[in-house]
Structures are given as C-alpha cells and as structure tokens.
Amino acid sequence: MFTITVSRKVFEISKLLCRRIKKEWYAFALGKLLQSDHNPDFQIVDMYLPRQEASATHVYIPSEGMLEISDALVEIRKHNKNWILLGMWHSHGDLKCFHSRIDLENINMIYQSFPREYLPAVIEYERLGPEILNEYRAEPIIDKGLRGFKICFGSLCIELNLRQEIDDEVFFTTWYAHLYTIKALPEVLRGYFGTISIFTTSIKVSRRCVVSVVVNNHDQIEGKVFLYGRNSDEVDAKIVIRDLDEDPIFANRELLNEILSKVKIG
Ligand SMILES: [Zn+2]
C-alpha cells in the first residue's frame, strides 16, 4: 500500500493558488520517503512553482521549468539534506482529477531528467514462481581445492564463492553431507508423505519512482506513484493530509504573492 502524506500547509497553499489562478498550473513536489517494509510513505513537505504560463487545457513542463527546479534542488539540499524531488503536483482547474497522457509524458520526463539520488526509490520484492520442485542440484565447485558450492532449486541457482581454495577433506565431506540432506528433503516428502513441494523466490529490488498529485478548483485530490525499472507500473496511492513536523520553505502564506508573480495567467 502506497501512501502520499501531504503537509496540511502545502495543501492549503495549493487551494489558495487554485482559487487565485483558476486555470491549470504545475509545481514540483518536494519531501522525503519514509520506508517501512511494504508500505512506503511519500511525505510532501513543500512544493516549488517554476516560472510558467497558466493554461486552460494542459500543463506541459517546458525545459526552462526543469532547469529551474534543478537549480532550486541544489539550493534546497544544502539546507535539507534528506529532501528529495518526489515528483509533480499540478492542478486541473475546473476539470476533475485524473492523469492524462500529457501528465504521463511530464512524469516520464522528470524520471529521465534527474540523477538517481534526487528521486525516491522504493524497495520491492519481486516474486518468481511458484514452481514445482522437481529438480534440485547441489554440487561443490572444485578447482584443485574446494572453491564454493552451487545450489539449484529448479530455475533458481545460487552460487556461493568461498573466494579462496579450501583444501580440507573433513570440511568438504561434512558440508557435502549437509547439501545431500537438503537434496533428499523433497524426495522424502514425496516418497513418505505423497506431497509435491513447490517453491517461490523473492528478489529484493530497488525501483525509482515519481510521485504525482493532481488537484482542482473544487479541493479534490488524486495521487499516484509511477514506478520504473525492468517494467513501468503505476500504483494508486492513499492520500493523507495532516500537519507535518517540517515547514515548507517555498510554499507558505507570506510568499504567496511571490509565487503568484511567477505565474502568467493567459
Ligand atoms: Zn493533468
């Protein structure tokens, strides 16, 4: 389950901006990722509006906008080392909140434009299988002396490299006996109990992502997380609006007119 926690202060300023601008506008969401095992929480602590022209239909992030946030990020990270660029925050004006094709293009552009350390990365466990365990192999890797072990469960093979040659017959026979015991397990289960073992494998992977929040003039909000890696996925996130410990730097009431001065309303 993915959560996007929005600082109440950021949401309030976003509502004010919607009321004043009325059309579509965009900002970059800043904050941090709190990672607990399977429940990443993306905390939006601040947002940064680059110079832009508010449009009635679609938000395109021009290259100047990307340059502006790149410079701003260098500055931000001097003061808040743990803040990263989480992704995009934009308004649909009077339209409902959803992710359009152009939004996806902007999100892909953010993903492609920033170095690894600027964007969040979630830890995931990629599951393989289940497979019926009908092949199990365990063999020593020998090159003069013992160099390691290779163990295969069906399609999964693990190689343990000892990184030195162990020329010790007692060690070899003791450990080979252990491998043989494990090897016998599925056969024992099948022979004595008639059960056919299956197995699954999990591989821990880190996937970079871009968070996206869409708001509108009716105080509606939608959040998604776009994951990249071997394949791309999008996940609906639960939005939680609450007070956060850290205060926004850019998005605060005193700066409202300064922020608005960056938005040309066409
Ligand atoms: Zn949009």
# chains A, B, ... in the order shown; residues from 1 in each chain; ligands from 1
>>> residues_near_ligand(ligand="ligand 1", cutoff="10 Å", atoms="only C-alpha atoms and all ligand atoms", output="ChimeraX atom specification")
/A:24-26,57-60,88-93,95-104,106,212-216
>>> select_by_dssp(residues="region 53-173 of chain A", states="strand (DSSP E or B)", output="JSON, numbers by chain")
{"A": [53, 54, 55, 84, 85, 86, 87, 88, 89, 90, 91, 121, 122, 123, 124, 125, 126, 127, 128, 129, 130, 131, 132, 136, 137, 138, 139, 140, 141, 142, 143, 145, 146, 147, 148, 149, 150, 151, 152, 153, 156, 157, 158, 159, 160, 161, 162, 163, 164, 165, 166]}
>>> write_last_selection(atoms="C-alpha atoms", output="compact mmCIF listing (two decimals), in the first residue's frame")
# COMPACT_ATOMS: atom_id res chain seq x y z
CA GLU A 53 2.10 30.42 -18.05
CA ALA A 54 -1.13 29.00 -16.63
CA SER A 55 -3.12 27.23 -19.32
CA ILE A 84 14.37 14.90 -2.50
CA LEU A 85 12.30 15.69 -5.53
CA LEU A 86 9.25 13.48 -5.13
CA GLY A 87 7.63 14.40 -8.41
CA MET A 88 4.88 16.58 -9.80
CA TRP A 89 1.95 18.49 -8.31
CA HIS A 90 -0.48 20.10 -10.71
CA SER A 91 -3.96 21.48 -10.96
CA ALA A 121 13.41 4.63 -4.72
CA VAL A 122 11.20 2.00 -3.10
CA ILE A 123 12.31 -1.46 -2.05
CA GLU A 124 10.22 -4.22 -3.54
CA TYR A 125 10.32 -7.98 -3.51
CA GLU A 126 9.90 -9.42 -6.97
CA ARG A 127 8.40 -12.87 -6.66
CA LEU A 128 9.26 -15.67 -9.07
CA GLY A 129 7.30 -18.86 -9.22
CA PRO A 130 5.68 -20.81 -7.66
CA GLU A 131 7.39 -23.73 -9.33
CA ILE A 132 7.10 -27.44 -8.63
CA TYR A 136 17.28 -29.89 -7.04
CA ARG A 137 21.01 -29.84 -7.53
CA ALA A 138 23.78 -29.21 -5.07
CA GLU A 139 27.35 -29.53 -6.16
CA PRO A 140 30.73 -28.38 -4.98
CA ILE A 141 32.76 -26.09 -7.20
CA ILE A 142 36.18 -27.66 -7.37
CA ASP A 143 39.27 -26.25 -8.95
CA GLY A 145 40.67 -27.49 -3.85
CA LEU A 146 37.11 -26.58 -2.86
CA ARG A 147 36.15 -23.17 -4.25
CA GLY A 148 32.47 -22.98 -3.41
CA PHE A 149 29.04 -24.51 -3.80
CA LYS A 150 26.37 -24.31 -6.44
CA ILE A 151 22.82 -24.99 -5.39
CA CYS A 152 19.88 -25.02 -7.80
CA PHE A 153 16.19 -25.19 -6.92
CA LEU A 156 16.89 -20.67 -9.29
CA CYS A 157 20.61 -21.18 -8.93
CA ILE A 158 22.77 -19.75 -6.18
CA GLU A 159 26.50 -19.85 -6.25
CA LEU A 160 28.48 -19.47 -3.08
CA ASN A 161 32.02 -18.42 -3.90
CA LEU A 162 34.41 -19.01 -1.00
CA ARG A 163 36.95 -16.65 -2.59
CA GLN A 164 39.74 -18.96 -1.63
CA GLU A 165 40.70 -22.55 -2.14
CA ILE A 166 39.86 -24.72 0.82
>>> closest_atom_pairs(of="region 38-103 of chain A", to="region 238-257 of chain A", cutoff="8 Å", atoms="only C-alpha atoms", output="tab-separated table")
residue	atom	partner	partner_atom	distance
A:Val45	CA	A:Pro248	CA	5.7
A:Asp46	CA	A:Pro248	CA	4.6
A:Met47	CA	A:Ala251	CA	6.0
A:Tyr48	CA	A:Phe250	CA	6.1
>>> atom_distance(atom1="CA of Phe2 (chain A)", atom2="CA of Ala237 (chain A)")
4.9 Å
>>> closest_residue(among="A:Thr195, A:Asn217, A:Ser155, A:Asn231", to="Lys15 (chain A)", atoms="only C-alpha atoms")
A:Asn217
>>> residues_around(residues="Asn82 (chain A)", least_positions_apart="6", cutoff="10 Å", atoms="only C-alpha atoms", output="list in words")
Gly31, Lys32, Leu33, Ile76 and Tyr118 of chain A
>>> write_last_selection(atoms="N, CA and C atoms", output="mmCIF file, in the first residue's frame")
data_model
loop_
_atom_site.group_PDB
_atom_site.id
_atom_site.type_symbol
_atom_site.label_atom_id
_atom_site.label_comp_id
_atom_site.auth_asym_id
_atom_site.auth_seq_id
_atom_site.Cartn_x
_atom_site.Cartn_y
_atom_site.Cartn_z
ATOM 1 N N GLY A 31 10.072 16.613 -0.715
ATOM 2 C CA GLY A 31 9.863 15.993 0.596
ATOM 3 C C GLY A 31 10.759 14.805 0.780
ATOM 4 N N LYS A 32 10.182 13.774 1.409
ATOM 5 C CA LYS A 32 11.008 12.594 1.652
ATOM 6 C C LYS A 32 10.179 11.314 1.613
ATOM 7 N N LEU A 33 10.907 10.224 1.559
ATOM 8 C CA LEU A 33 10.251 8.922 1.519
ATOM 9 C C LEU A 33 10.545 8.193 2.821
ATOM 10 N N ILE A 76 18.141 23.666 -2.129
ATOM 11 C CA ILE A 76 17.330 23.023 -1.087
ATOM 12 C C ILE A 76 18.161 21.997 -0.317
ATOM 13 N N TYR A 118 18.277 12.091 -6.564
ATOM 14 C CA TYR A 118 17.270 13.138 -6.404
ATOM 15 C C TYR A 118 15.848 12.593 -6.352
#
>>> atom_distance(atom1="CA of Gly223 (chain A)", atom2="CA of Gly65 (chain A)")
21.5 Å
>>> closest_residue(among="A:Asp71, A:Glu12, A:Glu117, A:Glu105", to="Trp83 (chain A)", atoms="only C-alpha atoms")
A:Glu117
